[in-house]
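Trainee: Structure supplied as input09.cif; contents: mmCIF, C-alpha atoms and all ligand atoms.
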```cif
data_model
#
loop_
_atom_site.label_atom_id
_atom_site.label_comp_id
_atom_site.auth_asym_id
_atom_site.auth_seq_id
_atom_site.Cartn_x
_atom_site.Cartn_y
_atom_site.Cartn_z
CA MET A 23 -3.55 -39.65 -31.98
CA ALA A 24 -4.60 -36.17 -33.21
CA GLU A 25 -3.12 -35.23 -36.57
CA ARG A 26 -0.56 -32.42 -36.32
CA LYS A 27 -1.46 -29.28 -38.27
CA PRO A 28 1.12 -28.36 -40.90
CA PRO A 29 3.08 -25.23 -39.81
CA LYS A 30 1.80 -21.92 -41.21
CA SER A 31 3.74 -20.72 -44.22
CA LYS A 32 5.68 -17.51 -43.70
CA TYR A 33 4.61 -16.30 -47.14
CA THR A 34 1.49 -14.15 -47.29
CA ALA A 35 0.58 -15.59 -50.71
CA ASP A 36 0.45 -19.14 -49.26
CA ARG A 37 -1.87 -17.90 -46.51
CA GLN A 38 -4.13 -16.35 -49.14
CA ILE A 39 -4.00 -12.86 -47.67
CA PRO A 40 -5.69 -10.51 -50.18
CA GLY A 41 -3.21 -8.46 -52.23
CA ALA A 42 -0.26 -10.68 -51.29
CA PHE A 43 2.85 -10.52 -53.46
CA GLU A 44 4.89 -13.51 -54.38
CA GLY A 45 7.75 -13.97 -51.89
CA GLU A 46 6.23 -11.43 -49.44
CA THR A 47 6.43 -12.40 -45.76
CA VAL A 48 4.98 -9.25 -44.07
CA ASN A 49 2.05 -7.44 -45.60
CA ARG A 50 1.49 -3.70 -45.33
CA ARG A 51 -1.21 -3.95 -42.65
CA ARG A 52 0.97 -6.07 -40.31
CA PHE A 53 3.92 -3.79 -40.94
CA MET A 54 1.85 -0.71 -40.00
CA THR A 55 0.42 -2.43 -36.92
CA GLY A 56 3.92 -3.46 -35.78
CA SER A 57 5.28 0.05 -36.42
CA ALA A 58 2.41 1.59 -34.42
CA HIS A 59 3.17 -0.76 -31.50
CA VAL A 60 6.88 0.06 -31.57
CA ALA A 61 6.15 3.82 -31.71
CA GLY A 62 3.73 3.44 -28.79
CA ALA A 63 6.29 1.51 -26.75
CA VAL A 64 8.96 4.18 -27.43
CA ALA A 65 6.57 6.98 -26.43
CA ALA A 66 5.46 5.17 -23.27
CA SER A 67 9.03 4.36 -22.19
CA ALA A 68 10.00 8.03 -22.73
CA PHE A 69 8.01 8.99 -19.65
CA LEU A 70 7.84 5.65 -17.80
CA LEU A 71 11.59 4.99 -17.60
CA PRO A 72 12.56 8.37 -16.06
CA ALA A 73 9.67 8.04 -13.58
CA LEU A 74 10.80 4.52 -12.68
CA GLY A 75 14.40 5.67 -12.27
CA PHE A 76 13.28 8.55 -10.07
CA ALA A 77 11.20 6.21 -7.89
CA LEU A 78 13.73 3.38 -7.59
CA GLY A 79 16.98 5.39 -7.66
CA PRO A 80 17.07 6.16 -3.93
CA VAL A 81 16.80 2.43 -3.13
CA PHE A 82 20.24 1.84 -4.59
CA GLU A 83 21.89 5.10 -3.57
CA GLU A 84 24.78 4.85 -1.18
CA TYR A 85 25.16 7.35 1.63
CA PRO A 86 28.69 6.77 2.81
CA GLN A 87 28.93 7.79 6.43
CA PRO A 88 32.33 7.21 7.98
CA TRP A 89 32.89 7.65 11.69
CA GLN A 90 33.21 11.36 12.56
CA VAL A 91 35.06 12.96 15.48
CA MET A 92 32.67 14.80 17.81
CA GLY A 93 35.08 15.90 20.58
CA THR A 94 36.20 14.19 23.74
CA PHE A 95 34.19 12.25 26.29
CA ASP A 96 34.67 14.93 28.94
CA ASP A 97 33.15 17.61 26.67
CA PHE A 98 29.71 16.14 27.30
CA GLY A 99 27.47 16.11 30.37
CA GLU A 100 24.74 13.69 31.44
CA ASN A 101 21.94 16.18 31.85
CA ALA A 102 22.16 18.41 28.77
CA TYR A 103 22.75 17.90 25.08
CA LEU A 104 25.43 19.59 23.02
CA PRO A 105 24.65 20.17 19.33
CA ARG A 106 27.27 19.04 16.84
CA THR A 107 27.37 19.55 13.06
CA ILE A 108 27.60 16.19 11.32
CA THR A 109 28.04 15.12 7.71
CA LEU A 110 25.43 12.72 6.41
CA ASP A 111 26.51 12.81 2.76
CA PRO A 112 29.93 14.26 1.91
CA ASN A 113 29.12 14.47 -1.81
CA ILE A 114 26.58 17.28 -1.71
CA GLY A 115 28.30 20.00 0.30
CA ASP A 116 26.31 21.84 2.96
CA ALA A 117 23.10 20.08 1.92
CA GLY A 118 24.62 16.86 3.26
CA LYS A 119 25.17 18.33 6.74
CA SER A 120 22.88 18.09 9.73
CA ILE A 121 22.84 18.52 13.51
CA ALA A 122 23.07 15.76 16.10
CA TYR A 123 22.54 16.29 19.83
CA LEU A 124 25.01 14.48 22.08
CA ARG A 125 25.27 13.79 25.80
CA LYS A 126 26.75 11.17 28.10
CA ARG A 127 24.55 8.15 28.79
CA ASN A 128 22.67 8.71 32.03
CA PRO A 129 21.57 5.41 33.68
CA ARG A 130 18.81 7.26 35.55
CA VAL A 131 16.96 8.05 32.32
CA ASP A 132 18.53 5.74 29.74
CA THR A 133 16.89 2.39 30.39
CA GLU A 134 17.95 0.61 27.19
CA PRO A 135 20.89 -1.82 27.61
CA ALA A 136 24.32 -0.17 27.79
CA ASP A 137 26.97 -1.23 25.30
CA GLN A 138 30.05 0.18 23.59
CA TYR A 139 27.86 2.13 21.14
CA ASN A 140 25.89 4.25 23.58
CA ARG A 141 28.32 5.53 26.19
CA ILE A 142 27.51 8.77 24.40
CA VAL A 143 23.87 9.14 23.34
CA ALA A 144 23.60 10.88 19.95
CA VAL A 145 20.13 11.94 18.84
CA SER A 146 19.27 12.98 15.29
CA SER A 147 17.65 16.38 14.71
CA ALA A 148 15.38 15.09 11.92
CA CYS A 149 11.75 15.08 13.04
CA MET A 150 10.08 11.71 12.62
CA HIS A 151 6.92 13.26 11.24
CA LEU A 152 8.16 14.76 7.98
CA GLY A 153 11.85 15.39 8.64
CA CYS A 154 11.97 19.07 9.72
CA PRO A 155 14.93 19.94 11.97
CA VAL A 156 14.01 19.84 15.68
CA HIS A 157 15.60 22.11 18.30
CA TYR A 158 16.57 21.07 21.80
CA VAL A 159 15.19 23.49 24.40
CA THR A 160 17.41 23.18 27.47
CA ALA A 161 14.98 24.80 29.93
CA ALA A 162 12.16 22.43 29.00
CA GLN A 163 14.44 19.43 28.35
CA ARG A 164 12.40 18.80 25.23
CA PHE A 165 13.05 18.59 21.51
CA ILE A 166 10.59 20.84 19.68
CA CYS A 167 9.72 20.70 15.98
CA PRO A 168 8.69 24.08 14.55
CA CYS A 169 6.83 22.64 11.57
CA HIS A 170 3.75 20.96 13.05
CA GLY A 171 4.34 21.13 16.80
CA GLY A 172 6.02 17.75 17.35
CA VAL A 173 7.46 17.42 20.88
CA TYR A 174 9.97 14.84 22.11
CA ASP A 175 11.08 14.23 25.70
CA PHE A 176 14.65 14.28 27.04
CA VAL A 177 15.55 10.85 25.58
CA GLY A 178 13.87 11.61 22.25
CA LYS A 179 10.60 9.74 22.75
CA VAL A 180 7.44 11.34 21.33
CA ALA A 181 5.72 13.50 23.95
CA GLY A 182 3.16 15.16 21.67
CA GLY A 183 2.16 16.07 18.13
CA PRO A 184 2.20 14.03 14.93
CA PRO A 185 5.65 12.27 14.92
CA VAL A 186 5.25 8.51 14.57
CA ARG A 187 8.32 7.30 16.46
CA PRO A 188 11.18 8.57 18.65
CA LEU A 189 14.02 10.58 17.15
CA ASP A 190 16.61 8.47 15.35
CA ARG A 191 20.01 7.97 16.94
CA PHE A 192 23.59 7.42 15.88
CA TYR A 193 26.06 4.77 16.98
CA THR A 194 28.90 6.34 18.95
CA LEU A 195 32.24 4.99 20.09
CA VAL A 196 34.70 6.31 22.66
CA ARG A 197 38.32 5.66 21.76
CA PRO A 198 40.78 4.73 24.56
CA ASP A 199 42.13 8.31 24.43
CA GLY A 200 38.61 9.69 25.06
CA THR A 201 37.85 10.80 21.50
CA VAL A 202 34.14 10.46 20.72
CA LEU A 203 33.25 9.10 17.28
CA LEU A 204 29.82 9.32 15.70
CA GLY A 205 28.85 6.52 13.31
CA PRO A 206 25.84 5.48 11.28
CA ARG A 207 22.23 6.37 12.04
CA PHE A 208 19.72 3.86 13.35
CA SER A 209 16.03 4.10 14.13
CA VAL A 210 14.27 3.16 17.37
CA ASN A 211 10.77 2.14 18.39
CA SER A 212 9.00 3.53 21.44
CA GLU A 213 10.98 1.10 23.64
CA LEU A 214 14.19 2.47 22.11
CA ASP A 215 15.00 -0.92 20.55
CA ARG A 216 17.39 -0.46 17.61
CA PHE A 217 16.28 -0.96 14.03
CA SER A 218 18.03 -0.37 10.74
CA PRO A 219 17.37 3.22 9.63
CA ARG A 220 13.94 4.16 8.36
CA ASP A 221 12.61 7.35 6.78
CA PRO A 222 10.52 9.92 8.66
CA GLY A 223 6.84 9.04 8.89
CA GLU A 224 7.50 5.30 9.15
CA PRO A 225 6.36 3.89 12.51
CA LEU A 226 8.29 1.01 14.05
CA ASP A 227 5.90 -0.21 16.72
CA GLY A 228 3.70 -3.25 16.07
CA VAL A 229 3.29 -4.11 12.39
CA GLY A 230 5.01 -0.84 11.38
CA GLN A 231 8.43 -2.52 11.42
CA PHE A 232 7.20 -4.99 8.76
CA MET A 233 5.20 -2.48 6.73
CA TYR A 234 8.18 -0.14 6.37
CA PRO A 235 11.30 -2.28 5.81
CA SER A 236 14.59 -0.44 5.64
CA ARG A 237 15.98 0.52 2.25
CA PRO A 238 18.90 -1.82 1.35
CA SER A 239 21.31 1.11 0.91
CA LEU A 240 20.51 2.37 4.43
CA ARG A 241 21.17 -0.99 6.08
CA LYS A 242 24.92 -0.70 5.57
CA ILE A 243 26.66 -0.05 8.88
CA PRO A 244 30.32 0.51 8.03
CA GLY A 245 32.78 -0.34 10.74
CA THR A 246 30.29 -2.08 13.05
S1 LIG B 1 7.85 17.73 10.63
FE1 LIG B 1 8.00 17.80 12.78
S2 LIG B 1 5.98 17.82 13.47
FE2 LIG B 1 5.79 17.75 11.31
#
```
Step by step, read the file and then write its structure as structure tokens.

Mentor:
Amino acid sequence: MAERKPPKSKYTADRQIPGAFEGETVNRRRFMTGSAHVAGAVAASAFLLPALGFALGPVFEEYPQPWQVMGTFDDFGENAYLPRTITLDPNIGDAGKSIAYLRKRNPRVDTEPADQYNRIVAVSSACMHLGCPVHYVTAAQRFICPCHGGVYDFVGKVAGGPPVRPLDRFYTLVRPDGTVLLGPRFSVNSELDRFSPRDPGEPLDGVGQFMYPSRPSLRKIPGT
């Protein structure tokens, strides 16, 4: 069996370090080296920690989005959208507001399965290229993005330009008295299959849905 080495003494004199004092455990060189490392770590964390917080903060942010009243079922038609102001984040005033375009589900153009959440179709106005607000042009039955020429058809699918997926949508509910409620946002692929919300610029077809997983804070769907 190999002989065990005796443990190193903590005293610098025992380890025959030049200039060691009796009873000394840390010599000046090691103290200076340690101090330099600590100072370096403090300096590095001074810019790394804020950058890390800035990058990871949005992952844990909550965007509470309760159901919002949008009018009554009879306010909306099947063949044209009505714009409605919606609140995405109530904590930041007007900056947390946006526009959604609403209409009744029309079985002639809406081929995705009908359920209680899409009797009213609610389309987000955030362009899926970089997030600019799109406008619905009634005469053309198209959503147009003024920033880089993105065009979406009547149901919100990409008809031209750089957007990577159809316009996002919102869950809606119709109360027994006819009141229309708008709920959380969800994203769709080119087949209009529902996905948890993604950010603009994140495609959802093919491997895109795996390359751009939803942020945990955005997956929360209150009330559904
Ligand atoms: S942001 Fe809409 S096309 Fe670029």

Trainee: With 8 Å as the cut-off and only C-alpha atoms and all ligand atoms counted, what is the closest atom pair between each nearby residue of chain A and ligand LIG 1 (chain B)? Distances in Å to one decimal, ordered by chain and number, as a tab-separated table.

Mentor:
```
residue	atom	partner	partner_atom	distance
A:Ala148	CA	B:LIG1	FE1	7.9
A:Cys149	CA	B:LIG1	FE1	4.6
A:Met150	CA	B:LIG1	FE1	6.4
A:His151	CA	B:LIG1	S1	4.6
A:Leu152	CA	B:LIG1	S1	4.0
A:Gly153	CA	B:LIG1	S1	5.0
A:Cys154	CA	B:LIG1	S1	4.4
A:Pro155	CA	B:LIG1	FE1	7.3
A:Val156	CA	B:LIG1	FE1	7.0
A:Ile166	CA	B:LIG1	FE1	8.0
A:Cys167	CA	B:LIG1	FE1	4.6
A:Pro168	CA	B:LIG1	FE1	6.6
A:Cys169	CA	B:LIG1	FE2	5.0
A:His170	CA	B:LIG1	S2	3.9
A:Gly171	CA	B:LIG1	S2	5.0
A:Gly172	CA	B:LIG1	S2	3.9
A:Val173	CA	B:LIG1	S2	7.6
A:Gly183	CA	B:LIG1	S2	6.3
A:Pro184	CA	B:LIG1	S2	5.5
A:Pro185	CA	B:LIG1	S2	5.7
```

Trainee: Kindly indicate which residue among A:Pro129, A:Pro206, A:Gly230, A:Gly93 lies nearest to Val177 of chain A, using all atoms listed in the file for the distances.

Mentor: A:Pro129

Trainee: Excluding Glu46 of chain A and residues on its chain fewer than 2 positions from it, collect all residues at most 6 Å away from it, counting only C-alpha atoms, and give them as a PyMOL selection string.

Mentor: chain A and resi 33-34+43-44+48

Trainee: Edge lengths and centre in Å to one decimal, as JSON, is what I'm after for the box along x, y and z that holds all listed atoms of segment 210-225 of chain A once 3 Å is added on each side.

Mentor:
```
{"center_x": 12.2, "center_y": 4.5, "center_z": 15.2, "size_x": 17.7, "size_y": 16.9, "size_z": 22.9}
```

Trainee: Return the single residue from A:Glu134, A:Asp199, A:Asp190, A:Glu224 that is closest to Gly178 of chain A, with distances computed using only C-alpha atoms.

Mentor: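 Of A:Glu134, A:Asp199, A:Asp190, A:Glu224, the one nearest Gly178 of chain A, counting only C-alpha atoms, is A:Asp190.
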
Trainee: In Å, rounded to a single decimal, give me how far atom CA of Lys119 of chain A is from atom CA of Pro222 of chain A.

Mentor: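 A separation of 17.0 Å between them.
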